[in-house]
Amino acid sequence: MFRPLSVYLGWRFSRAKRRNRFISFISVASILGIAIGVGALILGLSAMNGFQRELENRILSVLPHGQLYAAEDPVPHWGELVAQLEAAPGILAAAPFVPLEGLLSKGAKLKAVQLQGVLPALEGRISRLEPYLGGASLARLEPGERGIILGKAIAEQLELAVGDSVSLLLPAPGAQGFGSPRRHSFTLVGILSLGGQLDTVLGYTHLADAQALRELDDEVMGFHLRVDQVLAADQLTLNAAMPLPAPFYVSSWMNSQGNIYRDIQLVRTLMIVVLLLVMAVASFNIVSTLVMAVNEKKGDIAILKTMGAGPWQIRGAFVVQGMLNGVAGVVVGGLLGALLATRLSDMVAGYERLTGHRLLNPEVYFIDFIPTEFHWADLWLVTGSALGLIFVATLYPAWRAGRLLPRQLLGEA
């Protein structure tokens, strides 16, 4: 069977028993270093993919992408403004809201809460809450019934279950501060379980109940928006607010949660840079391996050149030898990284159960578990980058081997 001489020689050199055990040690160390770097980078990128997925599927599916808050008086005739907002470019849906910020009270326990008075039919186009309500829905909020949906952490802190009554302490309308709070009774009709920081502050009630508590007629305090380009939510929300007849404060998810997205991108970039440097260090261990291999094979190189082997065939042989070592590390690291990446969440959950220590505090982070999402594109990117670094590392020793002259080598021998 025809085989190129360089490939054949490189294969034989890589399998040959070495007289110098130190060369074998460095070769194994470089393979392990490459494998660890490749596996760690795939694992880290999968975790970052998981965090970004959870940001999009949890936070951005529940929180409005944009928000308009009345800068002066409450907004009447809000139906016309909803239609006007939905006609704006990039706006998929709009819904009115009335905020209620107060203290929930159950026995001697108190908890601050940010309630949103919403219309279930319209808010359902903004926030996809059903997957996190345990079979309930916003439709359980009915006007005049004083129903309330609370985050899981709030319900647990107040020891509430669906159907329980809870008191909401609010300042009197128009009062400054909490001088004389009023107590209002609500019934818990649903528990929102997002598994993160939002569970500790978020709650919903019907728009009509919120209007009654704030002594508003058919007026609202602002609008929630859903846009078609979440990364352009700031500009799209501002553009939609400009033609409105009343002034509004404009904000978007980038104001409240944008730091999470920026942190994910920053950590992803730093991880790629650091672990590529780790792989570069491991790859350039191959330089040491091949330099010593060239010195060990001087006699063989002299014989091959005397028999007619050209410089490029000798260089190709050592490139192949170095690449074979590197490919072994890349394959091991790629398989290990892919396997661990698909089971990262389960492994971390098992560690938390075993130690009783939670890695992500839901009162601090937007989720309370380590997510993962393996992408084949990441595997090809990482392995391709590693193979490129390995190839570059083989060039200098191979070039040096090709320049050796038979008379010099035989003279040294």
# chains A, B, ... in the order shown; residues from 1 in each chain; ligands from 1
>>> closest_atom_pairs(of="region 112-134 of chain A", to="region 221-232 of chain A", cutoff="8 Å", atoms="only C-alpha atoms", output="JSON lines")
{"residue": "A:Glu123", "atom": "CA", "partner": "A:His224", "partner_atom": "CA", "distance": 7.9}
{"residue": "A:Arg125", "atom": "CA", "partner": "A:Arg226", "partner_atom": "CA", "distance": 8.0}
{"residue": "A:Ile126", "atom": "CA", "partner": "A:Arg226", "partner_atom": "CA", "distance": 5.6}
>>> write_last_selection(atoms="N, CA and C atoms", output="short mmCIF file (atom, residue, chain, number, x, y, z; two decimals), in the first residue's frame")
data_model
loop_
_atom_site.label_atom_id
_atom_site.label_comp_id
_atom_site.auth_asym_id
_atom_site.auth_seq_id
_atom_site.Cartn_x
_atom_site.Cartn_y
_atom_site.Cartn_z
N GLU A 123 -50.79 40.95 29.59
CA GLU A 123 -49.46 40.66 30.16
C GLU A 123 -48.96 39.29 29.70
N ARG A 125 -48.89 38.23 26.82
CA ARG A 125 -48.12 38.39 25.59
C ARG A 125 -46.73 38.96 25.86
N ILE A 126 -46.53 39.47 27.07
CA ILE A 126 -45.24 40.06 27.45
C ILE A 126 -44.41 39.04 28.22
#
>>> select_by_dssp(residues="region 175-256 of chain A", states="strand (DSSP E or B)", output="VMD selection string")
chain A and resid 182 to 192 202 to 206 220 222 to 227 248 to 252
>>> residues_around(residues="Glu130 (chain A)", least_positions_apart="4", cutoff="12 Å", atoms="only C-alpha atoms", output="ChimeraX atom specification")
/A:58,61-62,120,123-126,134-140,149,190-194
>>> residues_around(residues="Ala398 (chain A)", least_positions_apart="2", cutoff="12 Å", atoms="only C-alpha atoms", output="NGL selection string")
:A and (6 or 10 or 286-295 or 301 or 311-323 or 391-396 or 400-404)
>>> closest_residue(among="A:Asp73, A:Glu159, A:Glu352, A:Glu86", to="Lys106 (chain A)", atoms="only C-alpha atoms")
A:Glu159
>>> select_by_dssp(residues="region 25-253 of chain A", states="alpha helix (DSSP H)", output="MDAnalysis selection string")
chainID A and resid 25:54 60:62 78:86 120:123 152:158 207:213 233:241 253
>>> atom_distance(atom1="CA of Arg343 (chain A)", atom2="CA of Ile34 (chain A)")
21.6 Å
>>> residues_around(residues="region 360-374 of chain A", least_positions_apart="4", cutoff="8 Å", atoms="only C-alpha atoms", output="ChimeraX atom specification")
/A:45-51,53-54,59,194-198,200,338,341-345,348-349,378
>>> write_last_selection(atoms="C-alpha atoms", output="CSV table (one decimal), in the first residue's frame")
chain,number,residue,atom,x,y,z
A,45,LEU,CA,-18.0,27.4,27.1
A,46,SER,CA,-20.8,24.9,27.7
A,47,ALA,CA,-21.5,26.5,31.1
A,48,MET,CA,-21.5,30.0,29.6
A,49,ASN,CA,-23.9,28.8,26.9
A,50,GLY,CA,-26.1,27.5,29.7
A,51,PHE,CA,-26.1,30.8,31.6
A,53,ARG,CA,-29.8,30.2,27.7
A,54,GLU,CA,-31.2,30.6,31.2
A,59,ILE,CA,-35.3,36.3,32.7
A,194,LEU,CA,-37.9,30.9,38.5
A,195,GLY,CA,-35.1,29.5,40.7
A,196,GLY,CA,-33.2,32.7,41.3
A,197,GLN,CA,-33.1,36.3,42.5
A,198,LEU,CA,-36.5,37.3,41.0
A,200,THR,CA,-37.3,37.0,46.2
A,338,ALA,CA,-18.0,16.8,25.7
A,341,ALA,CA,-20.3,19.2,29.6
A,342,THR,CA,-23.5,17.2,29.0
A,343,ARG,CA,-23.6,16.2,32.7
A,344,LEU,CA,-22.3,19.3,34.4
A,345,SER,CA,-25.6,20.3,36.0
A,348,VAL,CA,-22.8,20.0,40.5
A,349,ALA,CA,-26.2,19.2,41.9
A,378,ASP,CA,-17.7,24.9,20.3
>>> closest_residue(among="A:Leu115, A:Ala172, A:Leu336, A:Leu160", to="Leu103 (chain A)", atoms="only C-alpha atoms")
A:Leu115
>>> atom_distance(atom1="CA of Glu142 (chain A)", atom2="CA of Leu119 (chain A)")
9.1 Å
>>> closest_residue(among="A:Gly258, A:Pro64, A:Pro131, A:Gly39", to="Leu379 (chain A)", atoms="only C-alpha atoms")
A:Gly39
>>> closest_residue(among="A:Gly337, A:Pro243, A:Trp376, A:Ala112", to="Ile42 (chain A)", atoms="only C-alpha atoms")
A:Gly337
